[in-house]
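Have a look at start-v5.txt; it's compact mmCIF, C-alpha atoms and all ligand atoms:
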# COMPACT_ATOMS: atom_id res chain seq x y z
CA MET A 25 80.85 129.70 88.88
CA ALA A 26 78.86 126.49 89.16
CA THR A 27 78.23 125.15 92.64
CA ARG A 28 77.03 121.71 93.55
CA THR A 29 75.83 119.94 96.66
CA VAL A 30 78.01 117.08 97.83
CA LYS A 31 78.13 114.77 100.83
CA ARG A 32 81.03 115.57 103.03
CA ALA A 33 82.34 114.20 106.32
CA TYR A 34 83.50 116.50 109.10
CA LYS A 35 85.62 114.84 111.73
CA PHE A 36 86.09 116.31 115.19
CA ARG A 37 87.69 115.15 118.37
CA PHE A 38 85.50 114.77 121.46
CA TYR A 39 86.12 114.06 125.13
CA PRO A 40 83.59 111.65 126.64
CA THR A 41 82.75 111.63 130.34
CA GLU A 42 83.50 108.40 132.16
CA GLN A 43 79.83 107.49 131.93
CA GLN A 44 79.66 108.22 128.20
CA GLU A 45 82.81 106.22 127.60
CA GLN A 46 81.31 103.23 129.46
CA GLU A 47 78.15 103.49 127.37
CA LEU A 48 80.11 103.70 124.10
CA LEU A 49 82.29 100.73 125.00
CA ARG A 50 79.23 98.73 126.05
CA THR A 51 77.49 99.58 122.76
CA TRP A 52 80.61 98.56 120.87
CA GLY A 53 80.57 95.22 122.69
CA CYS A 54 76.97 94.67 121.56
CA VAL A 55 77.80 95.72 117.98
CA ARG A 56 80.53 93.07 117.88
CA VAL A 57 78.14 90.39 119.15
CA VAL A 58 75.44 91.30 116.62
CA TYR A 59 77.89 91.67 113.73
CA ASN A 60 79.59 88.35 114.48
CA LYS A 61 76.31 86.47 114.93
CA ALA A 62 74.98 87.87 111.65
CA LEU A 63 78.26 87.04 109.88
CA GLN A 64 78.06 83.49 111.25
CA MET A 65 74.46 83.25 110.02
CA ARG A 66 75.40 84.37 106.50
CA HIS A 67 78.44 82.13 106.54
CA THR A 68 76.45 79.01 107.49
CA ALA A 69 73.68 79.73 104.99
CA TRP A 70 76.22 80.11 102.21
CA ASN A 71 78.42 77.16 103.13
CA GLN A 72 75.66 74.66 103.76
CA ASN A 73 72.92 75.70 101.35
CA ARG A 74 74.56 78.23 98.98
CA GLN A 75 71.97 80.73 100.13
CA ARG A 76 72.44 84.46 100.39
CA VAL A 77 71.05 86.16 103.47
CA THR A 78 69.53 89.63 103.14
CA TYR A 79 69.84 92.61 105.45
CA ALA A 80 66.16 92.26 106.37
CA GLN A 81 66.69 88.64 107.44
CA THR A 82 69.58 89.58 109.73
CA ASP A 83 67.49 92.42 111.16
CA ARG A 84 64.65 90.00 111.98
CA ALA A 85 67.14 87.58 113.49
CA MET A 86 68.45 90.35 115.73
CA THR A 87 64.97 90.88 117.14
CA GLY A 88 65.06 87.19 118.13
CA TRP A 89 68.53 87.45 119.73
CA LYS A 90 67.34 90.30 121.92
CA LYS A 91 64.70 87.98 123.40
CA ASP A 92 67.29 85.34 124.30
CA PRO A 93 67.79 85.65 128.11
CA GLU A 94 71.55 85.31 127.64
CA LEU A 95 71.63 88.18 125.17
CA ARG A 96 69.32 90.50 127.07
CA PHE A 97 72.09 93.08 127.30
CA LEU A 98 71.60 93.75 123.56
CA SER A 99 68.38 95.61 124.24
CA GLU A 100 70.00 97.80 126.90
CA VAL A 101 71.99 99.86 124.36
CA SER A 102 70.75 102.01 121.48
CA SER A 103 69.42 99.81 118.67
CA VAL A 104 70.61 102.28 116.01
CA PRO A 105 74.32 101.33 115.89
CA LEU A 106 73.32 97.65 116.03
CA GLN A 107 71.15 98.05 112.96
CA GLN A 108 73.79 100.12 111.21
CA CYS A 109 76.42 97.40 111.71
CA LEU A 110 74.08 94.97 109.93
CA ARG A 111 73.98 97.42 107.03
CA HIS A 112 77.78 97.60 107.04
CA LEU A 113 77.89 93.80 106.94
CA GLN A 114 75.49 93.85 104.00
CA ALA A 115 77.79 96.31 102.19
CA ALA A 116 80.82 94.16 103.03
CA PHE A 117 79.14 91.15 101.39
CA VAL A 118 78.14 93.12 98.30
CA ASN A 119 81.77 94.24 97.97
CA PHE A 120 82.90 90.66 98.42
CA PHE A 121 80.50 89.28 95.82
CA GLU A 122 81.53 92.02 93.39
CA ARG A 123 85.18 91.08 94.02
CA ARG A 124 86.10 94.45 95.43
CA ALA A 125 86.98 93.18 98.88
CA HIS A 126 87.96 90.09 100.81
CA TYR A 127 85.51 87.97 102.75
CA PRO A 128 84.29 89.86 105.86
CA ARG A 129 86.10 88.98 109.07
CA PHE A 130 84.77 88.62 112.58
CA LYS A 131 85.14 91.67 114.79
CA SER A 132 87.42 91.19 117.76
CA ARG A 133 87.83 93.24 120.91
CA LYS A 134 91.56 93.51 120.38
CA ARG A 135 92.00 93.72 116.64
CA SER A 136 88.98 95.66 115.41
CA LYS A 137 88.73 99.42 115.54
CA LEU A 138 85.82 100.75 117.53
CA SER A 139 83.25 102.29 115.20
CA LEU A 140 79.60 103.10 115.92
CA THR A 141 77.32 104.59 113.30
CA TYR A 142 74.21 106.53 114.26
CA SER A 143 71.61 107.34 111.61
CA THR A 144 69.23 110.29 112.06
CA ARG A 145 67.13 108.28 114.51
CA GLY A 146 70.11 107.94 116.82
CA PHE A 147 71.43 111.50 117.20
CA ARG A 148 70.36 115.09 117.23
CA PHE A 149 71.91 118.50 117.37
CA ASP A 150 70.36 120.78 120.00
CA ALA A 151 69.38 124.34 119.22
CA ASP A 152 72.75 125.43 120.66
CA GLY A 153 74.61 122.99 118.39
CA GLN A 154 75.35 120.33 121.04
CA LEU A 155 75.43 116.75 119.79
CA ARG A 156 73.37 114.17 121.67
CA LEU A 157 73.49 110.44 120.98
CA ALA A 158 70.69 107.98 121.75
CA LYS A 159 70.72 106.51 125.28
CA MET A 160 73.15 109.13 126.46
CA GLY A 161 71.98 111.61 129.05
CA SER A 162 74.40 114.44 128.43
CA PRO A 163 75.61 115.98 125.16
CA LEU A 164 79.10 115.11 123.88
CA ASP A 165 81.94 117.52 124.51
CA VAL A 166 82.88 117.94 120.84
CA HIS A 167 85.67 120.35 119.92
CA TYR A 168 84.43 121.80 116.66
CA SER A 169 87.24 123.07 114.48
CA ARG A 170 85.22 124.22 111.48
CA GLU A 171 81.73 125.19 110.47
CA PHE A 172 79.28 122.81 108.89
CA ASP A 173 75.54 122.58 108.34
CA SER A 174 74.43 120.35 111.22
CA GLY A 175 70.85 120.50 109.93
CA SER A 176 71.84 118.43 106.89
CA ALA A 177 73.66 115.73 108.90
CA SER A 178 72.58 112.24 107.86
CA THR A 179 74.92 110.04 109.94
CA VAL A 180 77.27 110.42 112.88
CA THR A 181 80.07 107.90 113.30
CA VAL A 182 81.93 107.55 116.58
CA THR A 183 85.43 106.05 116.47
CA GLN A 184 88.29 105.53 118.85
CA ASP A 185 91.82 105.25 117.50
CA ARG A 186 94.63 103.04 118.80
CA ALA A 187 95.91 105.86 120.95
CA GLY A 188 92.54 106.03 122.74
CA ARG A 189 91.37 109.32 121.20
CA TRP A 190 87.67 109.67 120.44
CA PHE A 191 86.28 111.20 117.24
CA VAL A 192 82.90 111.93 115.70
CA SER A 193 82.56 112.08 111.96
CA VAL A 194 79.45 113.92 110.80
CA LEU A 195 78.27 113.26 107.26
CA CYS A 196 76.40 116.25 105.89
CA GLU A 197 75.64 118.09 102.73
CA SER A 198 77.84 120.91 101.65
CA GLU A 199 78.05 123.30 98.73
CA VAL A 200 81.26 123.36 96.72
CA GLU A 201 82.29 125.50 93.80
CA SER A 202 83.66 123.86 90.68
CA LEU A 203 87.13 124.90 89.61
CA PRO A 204 87.75 126.52 86.24
CA THR A 205 88.70 124.07 83.47
CA VAL A 206 92.43 124.14 82.79
CA ASN A 207 92.71 121.39 80.16
CA ARG A 208 95.80 119.89 81.67
CA SER A 209 96.41 116.23 82.28
CA VAL A 210 98.96 114.35 84.33
CA GLY A 211 100.11 110.75 84.67
CA ILE A 212 100.66 109.55 88.23
CA ASP A 213 102.88 106.61 89.14
CA LEU A 214 102.58 105.40 92.72
CA GLY A 215 105.82 103.80 93.72
CA VAL A 216 107.79 102.40 96.57
CA LYS A 217 110.96 104.49 96.30
CA ASP A 218 109.06 107.73 95.70
CA ALA A 219 105.44 107.79 96.82
CA VAL A 220 104.07 109.81 93.92
CA VAL A 221 105.86 110.44 90.62
CA LEU A 222 104.27 112.79 88.07
CA SER A 223 104.69 112.71 84.31
CA ASP A 224 106.12 116.24 84.46
CA GLY A 225 109.06 114.83 86.42
CA ARG A 226 108.12 115.85 89.97
CA ARG A 227 108.49 113.41 92.86
CA LEU A 228 106.30 113.89 95.92
CA ASN A 229 106.83 112.18 99.25
CA PRO A 230 105.25 112.41 102.71
CA THR A 231 108.74 113.04 104.05
CA ASP A 232 108.79 116.35 102.11
CA SER A 233 106.62 117.53 104.98
CA TYR A 234 108.52 118.73 108.03
CA ASP A 235 105.65 117.60 110.24
CA VAL A 236 105.81 114.03 108.91
CA ARG A 237 109.59 113.86 109.37
CA ARG A 238 109.32 115.17 112.92
CA LYS A 239 106.61 112.68 113.86
CA GLN A 240 108.47 109.84 112.20
CA ARG A 241 111.54 110.59 114.31
CA LYS A 242 109.34 110.58 117.39
CA VAL A 243 107.96 107.14 116.50
CA GLU A 244 111.46 105.76 115.98
CA GLN A 245 112.52 107.19 119.35
CA CYS A 246 109.53 105.58 121.05
CA GLN A 247 110.23 102.24 119.37
CA LYS A 248 113.77 102.25 120.73
CA ARG A 249 112.52 103.06 124.21
CA VAL A 250 110.02 100.19 124.14
CA ALA A 251 112.76 97.81 123.01
CA LYS A 252 114.96 98.78 125.95
CA LYS A 253 112.34 98.14 128.65
CA ALA A 254 112.03 94.73 130.25
CA MET A 255 109.27 92.46 128.93
CA GLY A 256 106.07 92.68 130.94
CA SER A 257 107.31 95.61 133.03
CA ASN A 258 105.22 98.61 133.93
CA ASN A 259 107.67 100.91 132.21
CA ARG A 260 107.31 98.93 129.03
CA ALA A 261 103.54 99.33 129.15
CA LYS A 262 103.98 103.09 129.59
CA ALA A 263 106.45 103.28 126.72
CA ARG A 264 104.03 101.35 124.53
CA THR A 265 101.23 103.80 125.24
CA LYS A 266 103.54 106.61 124.18
CA LEU A 267 104.45 104.70 121.03
CA ALA A 268 100.77 104.22 120.17
CA ARG A 269 100.18 107.94 120.59
CA ALA A 270 103.18 108.83 118.42
CA THR A 271 102.09 106.35 115.73
CA ALA A 272 98.60 107.86 115.64
CA ALA A 273 100.08 111.36 115.32
CA LEU A 274 102.26 110.17 112.44
CA ALA A 275 99.24 108.65 110.69
CA ASP A 276 97.43 112.00 111.05
CA ALA A 277 100.39 113.87 109.57
CA ARG A 278 100.58 111.48 106.63
CA ARG A 279 96.85 111.81 105.97
CA ASP A 280 97.22 115.56 106.11
CA TRP A 281 99.99 115.32 103.49
CA LEU A 282 97.75 113.14 101.33
CA HIS A 283 94.96 115.71 101.58
CA LYS A 284 97.23 118.60 100.65
CA THR A 285 98.84 116.67 97.79
CA THR A 286 95.60 115.43 96.25
CA THR A 287 93.97 118.86 96.54
CA ALA A 288 96.96 120.50 94.84
CA LEU A 289 96.81 117.91 92.04
CA VAL A 290 93.07 118.41 91.49
CA GLU A 291 93.64 122.18 91.41
CA GLU A 292 96.44 121.97 88.90
CA PHE A 293 95.12 119.29 86.55
CA ASP A 294 91.66 118.29 85.38
CA THR A 295 92.49 114.86 83.96
CA LEU A 296 94.41 112.66 86.36
CA CYS A 297 95.58 109.29 85.03
CA ILE A 298 96.54 106.62 87.52
CA GLU A 299 97.21 102.92 87.43
CA ASP A 300 94.31 100.72 88.42
CA LEU A 301 96.09 98.92 91.23
CA ASN A 302 94.30 96.08 92.94
CA VAL A 303 94.21 97.80 96.30
CA ALA A 304 91.78 95.38 97.94
CA GLY A 305 94.12 92.52 97.11
CA MET A 306 97.16 94.37 98.34
CA THR A 307 95.88 95.47 101.71
CA SER A 308 93.54 92.94 103.13
CA SER A 309 95.59 89.78 103.34
CA ALA A 310 96.96 89.41 106.85
CA ARG A 311 98.84 86.20 106.19
CA GLY A 312 99.97 87.37 102.80
CA THR A 313 101.01 85.57 99.66
CA MET A 314 104.37 84.72 98.18
CA GLU A 315 104.72 88.03 96.35
CA ASN A 316 103.12 90.05 99.11
CA PRO A 317 104.30 89.08 102.57
CA GLY A 318 101.24 90.36 104.39
CA ARG A 319 99.88 93.31 106.24
CA ASN A 320 101.64 93.13 109.57
CA VAL A 321 105.01 92.67 107.98
CA SER A 322 104.55 95.50 105.53
CA ALA A 323 103.00 97.80 108.14
CA LYS A 324 106.17 97.53 110.20
CA ALA A 325 108.44 98.01 107.21
CA GLY A 326 106.09 100.74 105.98
CA LEU A 327 107.02 103.22 108.69
CA ASN A 328 110.21 103.96 106.82
CA ARG A 329 108.64 103.76 103.42
CA GLY A 330 107.14 106.49 101.26
CA ILE A 331 103.59 105.32 101.09
CA THR A 332 102.02 102.16 102.47
CA GLU A 333 99.72 99.90 100.50
CA HIS A 334 96.81 101.25 102.48
CA SER A 335 97.62 104.79 101.38
CA PHE A 336 97.39 103.83 97.71
CA GLY A 337 93.67 103.28 98.16
CA GLU A 338 93.29 106.40 100.24
CA PHE A 339 95.20 108.48 97.68
CA ARG A 340 92.96 107.27 94.91
CA SER A 341 89.68 107.70 96.75
CA MET A 342 90.70 111.25 97.74
CA LEU A 343 91.48 112.07 94.09
CA GLU A 344 88.15 110.57 93.08
CA TYR A 345 85.94 112.44 95.47
CA LYS A 346 87.83 115.70 95.07
CA THR A 347 87.46 115.59 91.28
CA GLU A 348 83.81 114.76 91.87
CA TRP A 349 83.50 117.86 94.06
CA TYR A 350 85.54 120.40 92.16
CA GLY A 351 85.29 119.03 88.63
CA GLY A 352 87.81 116.91 86.75
CA THR A 353 88.25 113.23 85.98
CA VAL A 354 90.27 110.36 87.33
CA VAL A 355 91.13 107.87 84.58
CA ALA A 356 92.24 104.42 85.64
CA VAL A 357 94.65 102.63 83.34
CA ASP A 358 94.56 98.84 83.25
CA ARG A 359 97.00 97.50 85.77
CA PHE A 360 98.42 95.02 83.27
CA TYR A 361 99.52 97.81 80.95
CA PRO A 362 103.37 97.64 80.94
CA SER A 363 103.89 101.26 81.94
CA SER A 364 107.40 100.81 83.35
CA LYS A 365 108.97 98.95 80.47
CA THR A 366 107.41 100.73 77.49
CA CYS A 367 109.65 103.43 76.02
CA SER A 368 107.72 106.70 76.24
CA SER A 369 109.64 108.09 73.24
CA CYS A 370 109.25 105.35 70.63
CA GLY A 371 106.85 102.84 72.21
CA SER A 372 109.05 99.78 72.04
CA ILE A 373 108.99 97.43 75.00
CA LYS A 374 112.14 96.76 77.00
CA THR A 375 112.56 93.10 77.83
CA GLY A 376 113.98 91.90 81.10
CA LEU A 377 113.62 95.11 83.12
CA ARG A 378 114.17 94.28 86.78
CA LEU A 379 112.52 95.98 89.72
CA HIS A 380 115.79 97.33 91.10
CA GLN A 381 116.74 99.04 87.79
CA ARG A 382 115.85 102.64 88.44
CA ALA A 383 116.97 103.86 84.99
CA TRP A 384 117.34 102.24 81.58
CA THR A 385 118.19 103.03 77.95
CA CYS A 386 115.89 102.13 75.07
CA THR A 387 117.71 99.84 72.66
CA ASP A 388 115.58 101.05 69.72
CA CYS A 389 115.79 104.85 69.96
CA GLY A 390 118.55 105.35 72.52
CA SER A 391 116.44 107.41 74.96
CA ARG A 392 117.55 107.31 78.56
CA HIS A 393 114.63 106.86 80.97
CA ASP A 394 114.07 107.24 84.67
CA ARG A 395 111.93 104.23 85.48
CA ASP A 396 109.17 106.02 87.43
CA ILE A 397 108.92 109.18 85.33
CA ASN A 398 108.78 107.07 82.16
CA ALA A 399 105.96 105.05 83.73
CA ALA A 400 104.06 108.23 84.67
CA VAL A 401 104.43 109.60 81.10
CA ASN A 402 103.06 106.32 79.72
CA ILE A 403 100.18 106.29 82.22
CA ASN A 404 99.29 109.82 81.14
CA ALA A 405 99.30 108.87 77.43
CA ALA A 406 97.35 105.65 78.02
CA GLY A 407 94.89 107.45 80.28
CA LEU A 408 94.15 110.10 77.67
CA ALA A 409 93.62 107.39 75.04
CA VAL A 410 91.29 105.51 77.37
CA TYR A 411 89.41 108.70 78.22
CA ALA A 412 89.03 109.67 74.56
CA SER A 413 87.55 106.26 73.77
CA GLY A 414 85.14 106.58 76.68
CA ASP A 415 86.21 103.37 78.40
CA GLY A 416 87.75 102.61 81.71
CA VAL A 417 86.62 105.71 83.55
CA ARG A 418 85.84 104.50 86.99
CA PRO A 419 82.82 106.08 88.64
CA ALA A 420 83.49 108.07 91.79
CA ARG A 421 83.10 106.29 95.07
CA LYS A 422 80.05 106.36 97.26
CA PRO A 423 79.85 108.62 100.33
CA ALA A 424 80.89 105.69 102.55
CA ALA A 425 84.40 105.92 101.18
CA MET A 426 84.49 109.64 101.79
CA GLN A 427 83.45 109.18 105.32
CA ALA A 428 86.20 106.71 105.98
CA SER A 429 88.83 109.11 104.78
CA ALA A 430 87.70 111.91 107.08
CA ALA A 431 87.39 114.63 104.52
CA GLY A 432 88.28 118.03 105.77
CA SER A 433 87.97 121.39 104.13
CA ARG A 434 89.94 121.97 101.01
CA GLN A 435 93.30 121.86 102.67
ZN ZN B 1 112.62 104.09 72.52
What does the file become when written as structure tokens?
Ligand SMILES: [Zn+2]
Amino acid sequence: MATRTVKRAYKFRFYPTEQQEQELLRTWGCVRVVYNKALQMRHTAWNQNRQRVTYAQTDRAMTGWKKDPELRFLSEVSSVPLQQCLRHLQAAFVNFFERRAHYPRFKSRKRSKLSLTYSTRGFRFDADGQLRLAKMGSPLDVHYSREFDSGSASTVTVTQDRAGRWFVSVLCESEVESLPTVNRSVGIDLGVKDAVVLSDGRRLNPTDSYDVRRKQRKVEQCQKRVAKKAMGSNNRAKARTKLARATAALADARRDWLHKTTTALVEEFDTLCIEDLNVAGMTSSARGTMENPGRNVSAKAGLNRGITEHSFGEFRSMLEYKTEWYGGTVVAVDRFYPSSKTCSSCGSIKTGLRLHQRAWTCTDCGSRHDRDINAAVNINAAGLAVYASGDGVRPARKPAAMQASAAGSRQ
């Protein structure tokens, strides 16, 4: 069977010493300063002179900032993550200019998630497999849960989640075997009532997983406890820490479900047709628009919902890189295609179908349709037509997207 070499991220938990934690937090502080200054620089250049600033220009500017007596602390930490954050900013602007993402935002101590990227200059694996980061005396206490080829590692990203847990994500090369061709296609409708509806009639939800249900109950319990404690009290602070931990565990369980579901889909089908939802537009507005009340609102409501807007993007990028790895194709169907209100039996379009109508009857041929399954059947048919004509096939994402979604083994 054919094998191919792919980039793959391996994510492990690690336990920093107090000293290492201080160094990581200090580096993160410097990354925020550099990122924000560079963003300000690009912002001013664009607003005042309609000029685009390059990565190289921001890198030169950083050399100047380090000489500023007030910013001397910038040269006390490893320069590698500082440089990498300028590259991330560059990528964020490219995505913005190509209309894939919103305008980059300033990084804040409270709101932004800690993330430090080390390129090969900034880390090494010892002969005994221990990971050492630049400017850090001792190796990290990483709890490796699976094997990978550390010799092929090209970047190491350190993150800390909201519950305070530390992770390293190692991007390396890995060999995967292609799956046999099965010549089966499926239409996938991503919905609100059911997370994933397939054209063969199946409905898949994170709450099918016992683990997700258990962790969801735990989050709800913790939320109630927080609500009962007095504002500003010590007990409230403790309850909030527990809530953060439970929420992080729930997010892990949901991601695990996404991994299992997407892998099963890629194993079972080789052409996967999905709707080309505008995920960037759906997720990144904090204030929100009239139709879409905004991230914070929906994140809170989303705990009880099948799949959050964020997960739509994650679901799709997992499908894309897994088909890239194992063979197969993801076909994106134009998001303005009326998949819900077209009759999958005769093709006539139902007028006046409301969002709350879960089922409807075609006035032309009399077929009774479940809204979501009908949509999935139409997406499948449209996807195959698009694929046959050679249009609309979206190229697989770059390794950066894979890294963000913490790819594991084929789970
Ligand atoms: Zn019909």
For ligand ZN 1 (chain B), collect every residue having any atom at a distance of at most 9 Å from a ligand atom (counting only C-alpha atoms and all ligand atoms); output as a short mmCIF file (atom, residue, chain, number, x, y, z; two decimals) with C-alpha atoms, in the coordinates of the input.
data_model
loop_
_atom_site.label_atom_id
_atom_site.label_comp_id
_atom_site.auth_asym_id
_atom_site.auth_seq_id
_atom_site.Cartn_x
_atom_site.Cartn_y
_atom_site.Cartn_z
CA THR A 366 107.41 100.73 77.49
CA CYS A 367 109.65 103.43 76.02
CA SER A 368 107.72 106.70 76.24
CA SER A 369 109.64 108.09 73.24
CA CYS A 370 109.25 105.35 70.63
CA GLY A 371 106.85 102.84 72.21
CA SER A 372 109.05 99.78 72.04
CA ILE A 373 108.99 97.43 75.00
CA LYS A 374 112.14 96.76 77.00
CA THR A 385 118.19 103.03 77.95
CA CYS A 386 115.89 102.13 75.07
CA THR A 387 117.71 99.84 72.66
CA ASP A 388 115.58 101.05 69.72
CA CYS A 389 115.79 104.85 69.96
CA GLY A 390 118.55 105.35 72.52
CA SER A 391 116.44 107.41 74.96
CA ARG A 392 117.55 107.31 78.56
#
Checklist entry - Looking at all atoms listed in the file, which of A:Ala275, A:Gly211, A:Val200, A:Asn258 is the one that sits closest to Lys239 in chain A? => result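 Using all atoms listed in the file, the shortest distance to Lys239 in chain A belongs to A:Ala275.
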Checklist entry - From the list A:Asp396, A:Val30, A:Ala80, A:Glu292, which residue is nearest Arg226 in chain A when using only C-alpha atoms? => result A:Asp396
Item to check | For Ala85 in chain A, the nearest of the candidates A:Thr231, A:Asn73, A:Gln64, A:Thr144, counting all atoms listed in the file | outcome: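 The shortest atom-to-atom distance to Ala85 in chain A comes from A:Gln64.
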Item to check | Counting all atoms listed in the file, the residue of A:Leu296, A:Ile212, A:Leu95, A:Ala270 that sits nearest Val401 in chain A | outcome: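 Nearest candidate to Val401 in chain A out of A:Leu296, A:Ile212, A:Leu95, A:Ala270: A:Ile212.
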Item to check | Selection: 8 Å around Leu110 in chain A, all atoms listed in the file, excl. self and same-chain fewer than 3 positions, as a list in words | outcome: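 Answer for this query is Val58, Tyr59, Ala62, Tyr79, Thr82, Asp83, Leu106, Gln107, Leu113 and Gln114 of chain A.
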Item to check | CA of Lys266 in chain A to CA of Arg241 in chain A, distance in Å rounded to a single decimal | outcome: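 Going from CA of Lys266 in chain A over to CA of Arg241 in chain A, I get 13.3 Å.
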